[in-house]
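Asker: Input structure: entry-v5.txt, which contains compact mmCIF, C-alpha atoms.
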# COMPACT_ATOMS: atom_id res chain seq x y z
CA MET S 1 -31.62 26.06 -2.54
CA SER S 2 -28.28 26.55 -0.80
CA THR S 3 -24.68 25.49 -1.03
CA ALA S 4 -23.13 23.20 1.56
CA GLN S 5 -21.24 25.89 3.46
CA GLN S 6 -23.83 26.48 6.20
CA VAL S 7 -23.89 22.86 7.43
CA PRO S 8 -21.05 20.34 7.96
CA ASP S 9 -19.87 19.03 4.61
CA ILE S 10 -20.56 15.33 3.96
CA LEU S 11 -16.84 14.90 3.17
CA SER S 12 -15.64 16.59 6.38
CA PRO S 13 -14.07 14.75 9.35
CA GLU S 14 -16.78 16.33 11.54
CA PHE S 15 -19.50 14.70 9.46
CA ALA S 16 -17.73 11.31 9.38
CA ALA S 17 -17.36 11.35 13.17
CA ASP S 18 -21.08 11.99 13.78
CA PRO S 19 -23.40 12.82 10.87
CA TYR S 20 -26.59 13.02 12.94
CA PRO S 21 -26.29 16.68 14.08
CA ALA S 22 -25.53 17.62 10.45
CA TYR S 23 -28.65 15.75 9.36
CA VAL S 24 -30.75 17.83 11.76
CA ALA S 25 -29.27 21.06 10.38
CA MET S 26 -29.87 19.94 6.79
CA ARG S 27 -33.48 18.94 7.36
CA GLU S 28 -34.26 22.17 9.21
CA LYS S 29 -32.25 24.79 7.34
CA LYS S 30 -31.00 23.33 4.06
CA PRO S 31 -33.25 20.52 2.81
CA LEU S 32 -31.78 20.94 -0.68
CA ILE S 33 -28.04 21.50 -1.07
CA TRP S 34 -25.90 21.78 -4.18
CA HIS S 35 -22.71 19.89 -3.29
CA GLU S 36 -19.86 20.98 -5.51
CA ALA S 37 -17.39 18.19 -4.68
CA THR S 38 -19.77 15.37 -5.62
CA GLN S 39 -21.58 17.43 -8.26
CA SER S 40 -24.90 16.41 -6.77
CA TYR S 41 -28.01 17.79 -5.12
CA ILE S 42 -28.39 16.53 -1.54
CA ILE S 43 -31.86 15.91 -0.09
CA SER S 44 -32.46 14.96 3.53
CA ARG S 45 -36.18 15.09 4.39
CA TYR S 46 -38.23 11.89 4.57
CA ASP S 47 -40.95 13.00 2.15
CA ASP S 48 -38.42 14.03 -0.49
CA VAL S 49 -36.33 10.84 -0.28
CA GLU S 50 -39.48 8.70 -0.23
CA ARG S 51 -40.72 10.48 -3.34
CA VAL S 52 -37.46 9.83 -5.20
CA PHE S 53 -37.44 6.14 -4.28
CA LYS S 54 -41.12 5.50 -5.04
CA ASP S 55 -40.89 7.63 -8.20
CA LYS S 56 -44.54 7.32 -9.17
CA LYS S 57 -44.18 9.93 -11.94
CA SER S 58 -40.99 8.47 -13.50
CA GLU S 59 -39.04 11.60 -12.51
CA PHE S 60 -35.91 9.73 -11.39
CA THR S 61 -33.71 7.03 -12.91
CA THR S 62 -30.79 4.82 -11.92
CA ASP S 63 -28.72 6.09 -14.88
CA ASN S 64 -26.12 7.28 -12.37
CA TYR S 65 -25.21 3.62 -11.77
CA ASN S 66 -23.55 3.63 -15.21
CA TRP S 67 -20.63 5.49 -13.61
CA GLN S 68 -21.24 4.57 -9.98
CA LEU S 69 -21.61 0.77 -10.18
CA GLU S 70 -20.69 -0.47 -13.65
CA PRO S 71 -16.92 0.12 -13.27
CA VAL S 72 -16.80 -2.42 -10.42
CA HIS S 73 -19.70 -4.81 -11.08
CA GLY S 74 -20.35 -4.65 -14.80
CA LYS S 75 -23.89 -3.85 -15.90
CA THR S 76 -26.29 -4.90 -13.13
CA ILE S 77 -30.03 -5.24 -12.67
CA LEU S 78 -29.97 -1.90 -10.78
CA GLN S 79 -29.23 -0.01 -13.98
CA LEU S 80 -32.12 -1.49 -15.92
CA SER S 81 -35.58 -0.01 -16.24
CA GLY S 82 -38.99 -0.90 -17.65
CA ARG S 83 -39.56 -4.41 -18.95
CA GLU S 84 -35.84 -5.23 -19.07
CA HIS S 85 -35.62 -4.57 -15.30
CA ALA S 86 -38.87 -6.41 -14.56
CA VAL S 87 -37.76 -9.55 -16.44
CA ARG S 88 -34.29 -9.65 -14.84
CA ARG S 89 -35.79 -9.10 -11.40
CA ALA S 90 -38.28 -11.92 -12.03
CA LEU S 91 -35.32 -14.19 -12.81
CA VAL S 92 -33.49 -13.55 -9.55
CA ALA S 93 -36.22 -12.65 -7.04
CA PRO S 94 -37.74 -16.10 -6.32
CA ALA S 95 -34.54 -17.29 -4.62
CA PHE S 96 -34.84 -14.51 -2.05
CA ARG S 97 -38.36 -15.08 -0.79
CA GLY S 98 -41.00 -17.70 0.01
CA SER S 99 -40.32 -21.41 -0.16
CA ASP S 100 -36.88 -21.10 -1.79
CA LEU S 101 -35.63 -18.95 1.05
CA GLN S 102 -37.26 -21.06 3.77
CA GLU S 103 -36.51 -24.53 2.42
CA ARG S 104 -33.28 -24.15 0.48
CA PHE S 105 -31.41 -21.36 2.19
CA LEU S 106 -32.58 -21.11 5.82
CA PRO S 107 -30.60 -24.28 6.68
CA VAL S 108 -27.55 -22.70 4.98
CA ILE S 109 -27.98 -19.56 7.10
CA GLU S 110 -28.39 -21.55 10.33
CA ARG S 111 -25.37 -23.76 9.62
CA ASN S 112 -23.04 -20.88 8.75
CA SER S 113 -24.04 -18.92 11.85
CA ARG S 114 -23.53 -21.93 14.10
CA GLU S 115 -20.09 -22.71 12.61
CA LEU S 116 -18.84 -19.19 13.34
CA ILE S 117 -20.24 -19.13 16.89
CA ASP S 118 -18.72 -22.55 17.61
CA ALA S 119 -15.28 -20.96 17.21
CA PHE S 120 -15.81 -18.67 20.24
CA ARG S 121 -18.80 -19.96 22.22
CA HIS S 122 -16.58 -21.46 24.95
CA SER S 123 -14.07 -18.60 25.16
CA GLY S 124 -16.05 -16.04 27.19
CA SER S 125 -15.14 -13.23 24.80
CA ALA S 126 -15.52 -12.31 21.14
CA ASP S 127 -15.52 -9.40 18.73
CA ILE S 128 -18.96 -9.54 17.12
CA VAL S 129 -17.66 -7.69 14.05
CA SER S 130 -14.41 -9.50 13.21
CA ASP S 131 -15.35 -12.94 14.58
CA TYR S 132 -18.89 -13.02 13.23
CA ALA S 133 -20.55 -10.16 11.34
CA THR S 134 -17.93 -9.62 8.61
CA ARG S 135 -17.83 -13.36 7.90
CA PHE S 136 -21.41 -14.54 8.27
CA PRO S 137 -23.25 -12.95 5.30
CA VAL S 138 -20.36 -13.53 2.88
CA ASN S 139 -20.14 -17.19 3.91
CA VAL S 140 -23.92 -17.52 3.45
CA ILE S 141 -23.82 -16.00 -0.04
CA ALA S 142 -20.82 -18.14 -1.07
CA ASP S 143 -22.65 -21.23 0.21
CA MET S 144 -25.90 -20.23 -1.54
CA LEU S 145 -24.03 -19.79 -4.83
CA GLY S 146 -22.14 -23.06 -4.37
CA LEU S 147 -18.75 -21.32 -4.23
CA ASP S 148 -15.79 -22.48 -2.18
CA LYS S 149 -15.89 -20.86 1.26
CA ALA S 150 -12.13 -21.37 1.44
CA ASP S 151 -12.02 -18.34 -0.85
CA HIS S 152 -13.63 -16.20 1.90
CA ALA S 153 -10.62 -13.90 2.19
CA ARG S 154 -10.79 -13.12 -1.54
CA PHE S 155 -14.56 -12.49 -1.41
CA HIS S 156 -14.12 -10.20 1.57
CA GLY S 157 -11.27 -8.32 -0.10
CA TRP S 158 -13.33 -7.86 -3.26
CA TYR S 159 -16.44 -6.57 -1.57
CA THR S 160 -14.42 -4.28 0.70
CA ALA S 161 -12.79 -2.75 -2.40
CA VAL S 162 -16.19 -2.40 -4.10
CA ILE S 163 -17.78 -0.68 -1.09
CA ALA S 164 -14.77 1.64 -0.81
CA PHE S 165 -15.23 2.51 -4.51
CA LEU S 166 -18.93 3.26 -4.03
CA GLY S 167 -18.18 5.42 -0.99
CA ASN S 168 -15.25 7.20 -2.63
CA LEU S 169 -17.00 10.56 -2.64
CA SER S 170 -13.72 12.47 -2.59
CA GLY S 171 -12.43 10.69 -5.72
CA ASP S 172 -9.26 9.05 -4.32
CA PRO S 173 -7.56 7.57 -7.44
CA GLU S 174 -6.10 4.57 -5.55
CA VAL S 175 -9.54 3.57 -4.29
CA THR S 176 -10.92 3.94 -7.82
CA ALA S 177 -8.14 1.77 -9.27
CA ALA S 178 -8.62 -0.93 -6.61
CA GLY S 179 -12.36 -1.05 -7.33
CA GLU S 180 -11.82 -1.35 -11.09
CA ARG S 181 -9.19 -4.07 -10.53
CA THR S 182 -11.78 -6.01 -8.53
CA ARG S 183 -14.13 -6.16 -11.53
CA VAL S 184 -11.40 -7.85 -13.60
CA GLU S 185 -10.34 -10.24 -10.83
CA PHE S 186 -13.91 -11.23 -9.98
CA ALA S 187 -14.75 -11.87 -13.65
CA GLU S 188 -11.63 -14.05 -14.03
CA TYR S 189 -12.78 -16.02 -10.98
CA MET S 190 -16.52 -16.29 -11.74
CA ILE S 191 -16.91 -16.70 -15.50
CA PRO S 192 -15.20 -20.15 -15.65
CA ILE S 193 -17.31 -21.30 -12.67
CA ILE S 194 -20.51 -20.09 -14.37
CA ARG S 195 -19.60 -21.96 -17.58
CA GLU S 196 -18.85 -25.15 -15.64
CA ARG S 197 -22.13 -24.82 -13.73
CA ARG S 198 -24.15 -24.44 -16.94
CA ASP S 199 -22.82 -27.85 -18.03
CA ASP S 200 -23.41 -29.48 -14.65
CA LEU S 201 -26.36 -27.86 -12.84
CA GLY S 202 -26.76 -28.46 -9.13
CA ASP S 203 -29.26 -27.25 -6.51
CA ASP S 204 -27.36 -24.05 -5.65
CA LEU S 205 -28.37 -20.49 -6.47
CA LEU S 206 -25.77 -20.16 -9.24
CA SER S 207 -27.33 -23.15 -11.02
CA THR S 208 -30.77 -21.60 -10.56
CA LEU S 209 -29.55 -18.37 -12.17
CA CYS S 210 -27.96 -20.32 -15.04
CA ALA S 211 -31.21 -22.18 -15.75
CA ALA S 212 -33.75 -19.42 -15.03
CA GLU S 213 -35.90 -18.24 -17.92
CA VAL S 214 -38.69 -15.66 -18.08
CA ASP S 215 -40.55 -14.92 -21.33
CA GLY S 216 -37.81 -16.67 -23.28
CA VAL S 217 -35.07 -14.52 -21.70
CA ARG S 218 -32.14 -16.13 -19.89
CA MET S 219 -29.26 -14.46 -18.09
CA SER S 220 -25.95 -14.27 -19.91
CA ASP S 221 -22.67 -15.21 -18.23
CA GLU S 222 -21.98 -11.49 -17.80
CA ASP S 223 -25.46 -10.91 -16.29
CA ILE S 224 -24.89 -13.66 -13.74
CA LYS S 225 -21.35 -12.53 -12.91
CA ALA S 226 -22.53 -8.94 -12.37
CA PHE S 227 -25.41 -10.10 -10.16
CA CYS S 228 -23.09 -12.30 -8.06
CA SER S 229 -20.70 -9.35 -7.67
CA LEU S 230 -23.58 -7.13 -6.59
CA LEU S 231 -24.89 -9.81 -4.23
CA LEU S 232 -21.54 -10.24 -2.49
CA ALA S 233 -21.04 -6.51 -2.04
CA ALA S 234 -24.60 -5.46 -1.19
CA GLY S 235 -25.44 -8.59 0.78
CA GLY S 236 -22.11 -8.71 2.58
CA GLU S 237 -21.49 -5.13 3.63
CA THR S 238 -25.05 -4.21 4.58
CA THR S 239 -25.88 -7.33 6.61
CA ASP S 240 -22.47 -7.15 8.27
CA LYS S 241 -23.20 -3.58 9.40
CA ALA S 242 -26.80 -4.42 10.34
CA ILE S 243 -25.83 -7.28 12.67
CA ALA S 244 -23.18 -5.20 14.41
CA SER S 245 -25.58 -2.27 14.73
CA ILE S 246 -28.58 -4.19 16.09
CA LEU S 247 -26.42 -5.74 18.82
CA ALA S 248 -24.73 -2.42 19.63
CA ASN S 249 -28.13 -0.72 19.86
CA LEU S 250 -29.56 -3.44 22.12
CA LEU S 251 -26.48 -3.52 24.36
CA LEU S 252 -26.76 0.27 24.74
CA HIS S 253 -30.43 -0.17 25.78
CA PRO S 254 -30.37 -3.02 28.34
CA GLU S 255 -34.11 -2.94 29.05
CA GLN S 256 -34.85 -3.47 25.35
CA LEU S 257 -32.20 -6.21 25.14
CA ALA S 258 -33.87 -7.94 28.10
CA ALA S 259 -37.22 -7.78 26.31
CA VAL S 260 -35.72 -9.31 23.16
CA ARG S 261 -34.04 -12.09 25.18
CA GLU S 262 -37.40 -12.88 26.74
CA ASP S 263 -39.44 -12.67 23.52
CA ARG S 264 -37.43 -13.49 20.40
CA THR S 265 -40.27 -12.44 18.11
CA LEU S 266 -39.12 -8.89 18.95
CA ILE S 267 -35.92 -9.41 16.95
CA SER S 268 -37.69 -8.31 13.76
CA ALA S 269 -38.90 -5.12 15.50
CA ALA S 270 -35.36 -4.49 16.77
CA PHE S 271 -34.01 -4.99 13.26
CA ALA S 272 -36.61 -2.64 11.72
CA GLU S 273 -35.80 0.03 14.30
CA THR S 274 -32.05 -0.46 13.71
CA LEU S 275 -32.61 0.03 9.97
CA ARG S 276 -34.37 3.30 10.77
CA TYR S 277 -32.09 4.53 13.56
CA THR S 278 -28.66 3.43 12.30
CA PRO S 279 -29.09 2.21 8.70
CA PRO S 280 -26.16 0.34 7.14
CA VAL S 281 -26.39 2.49 3.98
CA HIS S 282 -26.63 6.23 4.64
CA MET S 283 -26.96 7.50 1.09
CA ILE S 284 -28.14 6.32 -2.32
CA MET S 285 -27.88 8.31 -5.54
CA ARG S 286 -30.44 8.69 -8.30
CA GLN S 287 -30.63 10.87 -11.43
CA SER S 288 -33.42 13.30 -12.25
CA ALA S 289 -35.24 12.66 -15.55
CA ALA S 290 -37.12 15.96 -15.34
CA GLU S 291 -37.01 19.24 -13.44
CA VAL S 292 -38.41 18.47 -9.98
CA GLU S 293 -39.60 20.68 -7.13
CA VAL S 294 -38.59 19.43 -3.67
CA SER S 295 -38.32 20.99 -0.23
CA GLY S 296 -36.01 23.97 -0.53
CA GLY S 297 -36.02 24.44 -4.29
CA THR S 298 -35.74 22.83 -7.72
CA ILE S 299 -33.58 19.98 -8.97
CA PRO S 300 -32.81 20.41 -12.69
CA GLN S 301 -33.20 17.63 -15.22
CA GLY S 302 -30.23 15.29 -15.61
CA ALA S 303 -28.77 16.00 -12.15
CA THR S 304 -27.32 13.50 -9.69
CA VAL S 305 -29.41 13.41 -6.50
CA THR S 306 -27.85 12.18 -3.25
CA CYS S 307 -30.64 10.82 -1.05
CA LEU S 308 -29.59 10.87 2.61
CA ILE S 309 -31.30 7.80 4.08
CA GLY S 310 -29.59 8.38 7.43
CA ALA S 311 -31.16 11.85 7.63
CA ALA S 312 -34.60 10.96 6.26
CA ASN S 313 -34.96 8.04 8.67
CA ARG S 314 -34.67 10.47 11.58
CA ASP S 315 -36.99 13.14 10.23
CA GLU S 316 -39.09 14.57 13.08
CA ARG S 317 -41.86 15.23 10.56
CA ARG S 318 -42.22 11.48 10.15
CA TYR S 319 -41.20 9.93 13.52
CA ARG S 320 -41.80 10.93 17.11
CA ASP S 321 -38.58 11.43 19.06
CA PRO S 322 -36.56 10.21 16.05
CA ASP S 323 -33.15 10.29 17.76
CA ARG S 324 -34.28 7.69 20.30
CA PHE S 325 -33.83 3.96 19.67
CA ASP S 326 -37.15 2.33 20.56
CA ILE S 327 -38.11 -1.13 19.33
CA PHE S 328 -41.64 -0.54 20.66
CA ARG S 329 -42.35 2.64 18.68
CA ASP S 330 -45.81 2.69 17.10
CA ASP S 331 -44.86 4.80 14.08
CA LEU S 332 -42.75 2.08 12.42
CA ALA S 333 -44.59 -1.00 11.17
CA THR S 334 -42.62 -4.22 11.63
CA THR S 335 -45.02 -6.23 9.46
CA SER S 336 -44.16 -4.23 6.33
CA ALA S 337 -40.57 -3.28 7.27
CA PHE S 338 -39.02 -5.85 4.91
CA SER S 339 -41.24 -5.19 1.91
CA ALA S 340 -41.58 -2.45 -0.69
CA ALA S 341 -44.29 -0.97 1.56
CA ALA S 342 -41.76 -0.27 4.35
CA ASP S 343 -42.07 3.03 6.20
CA HIS S 344 -38.32 3.34 6.72
CA LEU S 345 -36.01 3.98 3.76
CA ALA S 346 -33.03 1.71 4.47
CA PHE S 347 -33.89 -0.73 1.65
CA ALA S 348 -35.08 2.04 -0.71
CA LEU S 349 -38.68 1.69 -1.97
CA GLY S 350 -40.60 1.08 -5.18
CA ARG S 351 -39.40 -1.04 -8.08
CA HIS S 352 -35.77 -0.88 -6.95
CA PHE S 353 -36.59 -2.01 -3.41
CA CYS S 354 -33.77 -4.27 -2.15
CA VAL S 355 -34.32 -7.76 -3.58
CA GLY S 356 -32.39 -9.24 -0.64
CA ALA S 357 -34.42 -7.67 2.18
CA LEU S 358 -35.98 -10.96 3.31
CA LEU S 359 -32.61 -12.71 3.10
CA ALA S 360 -31.16 -10.00 5.35
CA LYS S 361 -34.09 -10.42 7.76
CA ALA S 362 -33.55 -14.18 7.89
CA GLU S 363 -29.80 -13.75 8.51
CA VAL S 364 -30.32 -11.19 11.27
CA GLU S 365 -33.06 -13.20 13.00
CA VAL S 366 -31.03 -16.43 12.89
CA GLY S 367 -27.82 -14.66 13.89
CA VAL S 368 -29.23 -12.70 16.81
CA ASN S 369 -31.13 -15.75 18.08
CA GLN S 370 -28.05 -17.95 18.02
CA LEU S 371 -25.80 -15.26 19.53
CA LEU S 372 -28.23 -14.66 22.40
CA ASP S 373 -28.46 -18.41 23.03
CA ALA S 374 -24.67 -18.75 23.11
CA MET S 375 -24.13 -15.59 25.18
CA PRO S 376 -27.10 -15.11 27.55
CA ASP S 377 -25.26 -12.46 29.58
CA MET S 378 -23.49 -10.77 26.66
CA ARG S 379 -22.11 -7.34 27.60
CA PHE S 380 -19.57 -4.89 26.24
CA ALA S 381 -15.94 -5.54 27.13
CA ASP S 382 -14.92 -3.38 30.10
CA GLY S 383 -14.70 0.29 29.18
CA TYR S 384 -15.79 -0.24 25.59
CA GLU S 385 -18.25 2.07 23.88
CA PRO S 386 -19.28 1.34 20.29
CA VAL S 387 -18.19 3.84 17.67
CA GLU S 388 -19.79 4.02 14.21
CA GLN S 389 -17.51 4.58 11.24
CA GLY S 390 -18.15 5.29 7.58
CA VAL S 391 -20.02 7.83 5.46
CA PHE S 392 -21.60 5.95 2.54
CA THR S 393 -22.05 2.79 4.64
CA ARG S 394 -21.81 3.06 8.41
CA GLY S 395 -21.57 0.83 11.46
CA PRO S 396 -19.33 -0.26 14.36
CA GLN S 397 -15.85 -1.31 13.23
CA SER S 398 -15.48 -3.57 16.26
CA LEU S 399 -17.76 -4.82 19.00
CA PRO S 400 -15.82 -6.66 21.72
CA VAL S 401 -18.09 -8.46 24.18
CA ARG S 402 -17.72 -10.63 27.26
CA PHE S 403 -20.02 -13.45 28.36
CA THR S 404 -20.24 -16.52 30.55
CA PRO S 405 -19.98 -19.59 28.31
CA VAL S 406 -23.06 -21.81 28.29
CA THR S 407 -22.29 -25.31 29.52
CA THR S 408 -24.18 -28.05 27.75
Write the structure described by the file as structure tokens, please.
Answerer:
Amino acid sequence: MSTAQQVPDILSPEFAADPYPAYVAMREKKPLIWHEATQSYIISRYDDVERVFKDKKSEFTTDNYNWQLEPVHGKTILQLSGREHAVRRALVAPAFRGSDLQERFLPVIERNSRELIDAFRHSGSADIVSDYATRFPVNVIADMLGLDKADHARFHGWYTAVIAFLGNLSGDPEVTAAGERTRVEFAEYMIPIIRERRDDLGDDLLSTLCAAEVDGVRMSDEDIKAFCSLLLAAGGETTDKAIASILANLLLHPEQLAAVREDRTLISAAFAETLRYTPPVHMIMRQSAAEVEVSGGTIPQGATVTCLIGAANRDERRYRDPDRFDIFRDDLATTSAFSAAADHLAFALGRHFCVGALLAKAEVEVGVNQLLDAMPDMRFADGYEPVEQGVFTRGPQSLPVRFTPVTT
């Protein structure tokens, strides 16, 4: 095992500007790094990160979320384990798959996408990030929960503060305080709504969560509030980044964009490859429950482990030509890309696989389809080249495009 000195530090400006060369150096030379500033062991190879996420031997826990997530969300499903986790997941999961997703929420997704596009479809120009991507998933989640979309600015402010807290690897006290303030503000907003909804159930997701029962267990007001907080942050930030990234990747590869325009069933392949190539979340932390041997050395029991998804997803041991965006690659299975059997790591794996993966897939497929319909000749604004920003989560901060409006 080594210290971080021989490769660019994950807190350095050099790393923030472009982490991919650092990922190569880590995988090749320093697959296990003790990182003093974050007091964690960093792993970067696919096999090691996959092992942590699948955790078939119960060697890793989510106990780190006690300090990483609880200050901003309250106690969430992510912190639970064993039967407690299984029961809570069974309460929330049905809304995010199968008939509930298709029948109840697909129309919500389609309507929210269309409303946003209507605001710019005749203008000939738009910023995909500010005009669409940052608004779309949050509006969908608010609509699904039966919340007032007029509060969009508050939702966006809250989840931005939460994501900043989660990515606050350098420990900025102002970012910490803003994140903790969000927990109080969100609780003051949500708890009265949850109590009202319990007395007057509707057909929205919040009502479903209020009424759900598995093995005699129901979710408390605090459980539901914490899950809604998690849903807004995780579902907002990640889908926002994913939509911006898939369009940036396709616009940078015109022949692949042309193929997707021609055959829209390729959108799911383009999304899977985007999740591998430029994942919205670049790192997830776990805690070791035992001493574990990984590439490059030993992780002691009780240590925080920083799993570099962005590095593992480009591991040359796992993918051919990993630094090339290729929606036609044959070493990434689209059919399983949005399930716990995925062979990329962007949604994690195993029992803590992202419960909202199919919701994200539905949002991206609807969004990209509608955007391509509205902007058949979409192209970057003159002289613009997309730039990724972020360390914990990462994606284009803006994506100005030009197009010829479609006349109907």
Asker: Using only C-alpha atoms for the distances, tell me which of S:Lys241, S:His35, S:Arg264, S:Arg218 is nearest to S:Gly390.
Answerer: S:Lys241
Asker: Tell me which of S:Val140, S:Thr238, S:Val391, S:Val366 sits closest to S:Asp9, counting all atoms listed in the file.
Answerer: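 Using all atoms listed in the file, the shortest distance to S:Asp9 belongs to S:Val391.
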Asker: Could you produce a table of the residues of stretch 221-335 of chain S lying within 9 Å of stretch 154-167 of chain S, with the nearest pair of atoms per residue and their separation in Å rounded to one decimal, using all atoms listed in the file, ordered by chain and increasing residue number, as a tab-separated table?
Answerer:
residue	atom	partner	partner_atom	distance
S:Ser229	CA	S:Tyr159	CA	7.9
S:Leu230	CA	S:Tyr159	CA	8.7
S:Leu232	CA	S:Tyr159	CA	6.4
S:Ala233	CA	S:Tyr159	CA	4.6
S:Ala234	CA	S:Tyr159	CA	8.2
S:Gly236	CA	S:Tyr159	CA	7.3
S:Glu237	CA	S:Tyr159	CA	7.4
Asker: At what distance in Å, to one decimal, does atom CA of S:Ile309 lie from atom CA of S:Phe271?
Answerer: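 Between atom CA of S:Phe271 and atom CA of S:Ile309 the gap is 16.0 Å.
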Asker: What is the distance between atom CA of S:Leu359 and atom CA of S:Phe96, in Å to one decimal?
Answerer: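 The value is 5.9 Å.
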Asker: Please measure the separation of atom CA of S:Thr61 and atom CA of S:Phe347, giving the value in Å to one decimal.
Answerer: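 Spanning atom CA of S:Thr61 to atom CA of S:Phe347 is a straight-line distance of 16.5 Å.
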Asker: Give me the residues near S:Asp55 as a list in words, where near means some atom within 12 Å (using only C-alpha atoms) and where sequence neighbours in that chain fewer than 3 positions away do not count.
Answerer: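 That gives Asp47, Asp48, Val49, Glu50, Arg51, Val52, Ser58, Glu59, Phe60, Thr61, Thr62, Arg286, Gln287, Ser288, Ala289, Ala290, Val292, Ala348, Leu349, Gly350, Arg351, His352 and Phe353 of chain S.
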Asker: For S:Glu188, please output as a ChimeraX atom specification all residues within 12 Å (counting only C-alpha atoms; exclusion window: fewer than 6 positions along the same chain).
Answerer: /S:181-182,194-195,221-222,225
Asker: I need the residue nearest S:Thr404 from this list: S:Glu103, S:Glu255, S:Asp373, S:Asp330. Use only C-alpha atoms for the distance.
Answerer: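 Of the candidates, the smallest distance to S:Thr404 is held by S:Asp373.
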Asker: For stretch 51-64 of chain S, take all atoms listed in the file, fit an axis-aligned box around them, add 4 Å to each of the six sides, then output centre and edge lengths in Å rounded to one decimal, as JSON.
Answerer:
{"center_x": -35.3, "center_y": 8.2, "center_z": -9.1, "size_x": 26.4, "size_y": 14.8, "size_z": 19.5}
Asker: Report as a PyMOL selection string all protein, DNA and RNA residues lying within 8 Å of S:Arg121, evaluated on all atoms listed in the file, omitting residues in the same chain fewer than 5 positions from it.
Answerer: chain S and resi 374-375+405-406
Asker: Can you fill out stretch 134-138 of chain S with all heavy atoms and hand it back as a PDB file, in the frame of the given file?
Answerer:
ATOM      1  N   THR S 134     -18.564  -9.801   9.918  1.00  0.00           N
ATOM      2  CA  THR S 134     -17.930  -9.620   8.610  1.00  0.00           C
ATOM      3  C   THR S 134     -17.834 -10.935   7.843  1.00  0.00           C
ATOM      4  O   THR S 134     -17.660 -10.931   6.617  1.00  0.00           O
ATOM      5  CB  THR S 134     -16.500  -9.036   8.739  1.00  0.00           C
ATOM      6  OG1 THR S 134     -15.734  -9.884   9.587  1.00  0.00           O
ATOM      7  CG2 THR S 134     -16.525  -7.633   9.287  1.00  0.00           C
ATOM      8  N   ARG S 135     -17.967 -12.047   8.541  1.00  0.00           N
ATOM      9  CA  ARG S 135     -17.830 -13.360   7.900  1.00  0.00           C
ATOM     10  C   ARG S 135     -19.164 -13.988   7.520  1.00  0.00           C
ATOM     11  O   ARG S 135     -19.308 -14.617   6.468  1.00  0.00           O
ATOM     12  CB  ARG S 135     -17.085 -14.321   8.845  1.00  0.00           C
ATOM     13  CG  ARG S 135     -15.691 -13.865   9.170  1.00  0.00           C
ATOM     14  CD  ARG S 135     -15.088 -14.694  10.301  1.00  0.00           C
ATOM     15  NE  ARG S 135     -13.729 -14.274  10.573  1.00  0.00           N
ATOM     16  CZ  ARG S 135     -12.652 -14.749   9.942  1.00  0.00           C
ATOM     17  NH1 ARG S 135     -12.802 -15.658   8.990  1.00  0.00           N
ATOM     18  NH2 ARG S 135     -11.456 -14.327  10.238  1.00  0.00           N
ATOM     19  N   PHE S 136     -20.148 -13.809   8.384  1.00  0.00           N
ATOM     20  CA  PHE S 136     -21.410 -14.540   8.270  1.00  0.00           C
ATOM     21  C   PHE S 136     -22.125 -14.333   6.936  1.00  0.00           C
ATOM     22  O   PHE S 136     -22.364 -15.293   6.187  1.00  0.00           O
ATOM     23  CB  PHE S 136     -22.291 -14.183   9.480  1.00  0.00           C
ATOM     24  CG  PHE S 136     -23.675 -14.759   9.484  1.00  0.00           C
ATOM     25  CD1 PHE S 136     -23.916 -16.070   9.107  1.00  0.00           C
ATOM     26  CD2 PHE S 136     -24.754 -13.981   9.905  1.00  0.00           C
ATOM     27  CE1 PHE S 136     -25.199 -16.600   9.130  1.00  0.00           C
ATOM     28  CE2 PHE S 136     -26.033 -14.495   9.935  1.00  0.00           C
ATOM     29  CZ  PHE S 136     -26.260 -15.803   9.539  1.00  0.00           C
ATOM     30  N   PRO S 137     -22.487 -13.103   6.547  1.00  0.00           N
ATOM     31  CA  PRO S 137     -23.250 -12.950   5.300  1.00  0.00           C
ATOM     32  C   PRO S 137     -22.475 -13.368   4.061  1.00  0.00           C
ATOM     33  O   PRO S 137     -23.061 -13.906   3.114  1.00  0.00           O
ATOM     34  CB  PRO S 137     -23.606 -11.457   5.267  1.00  0.00           C
ATOM     35  CG  PRO S 137     -22.688 -10.801   6.227  1.00  0.00           C
ATOM     36  CD  PRO S 137     -22.311 -11.811   7.247  1.00  0.00           C
ATOM     37  N   VAL S 138     -21.163 -13.143   4.045  1.00  0.00           N
ATOM     38  CA  VAL S 138     -20.360 -13.530   2.880  1.00  0.00           C
ATOM     39  C   VAL S 138     -20.303 -15.051   2.784  1.00  0.00           C
ATOM     40  O   VAL S 138     -20.421 -15.626   1.692  1.00  0.00           O
ATOM     41  CB  VAL S 138     -18.940 -12.943   2.965  1.00  0.00           C
ATOM     42  CG1 VAL S 138     -18.135 -13.326   1.740  1.00  0.00           C
ATOM     43  CG2 VAL S 138     -19.005 -11.439   3.076  1.00  0.00           C
TER      44      VAL S 138
END
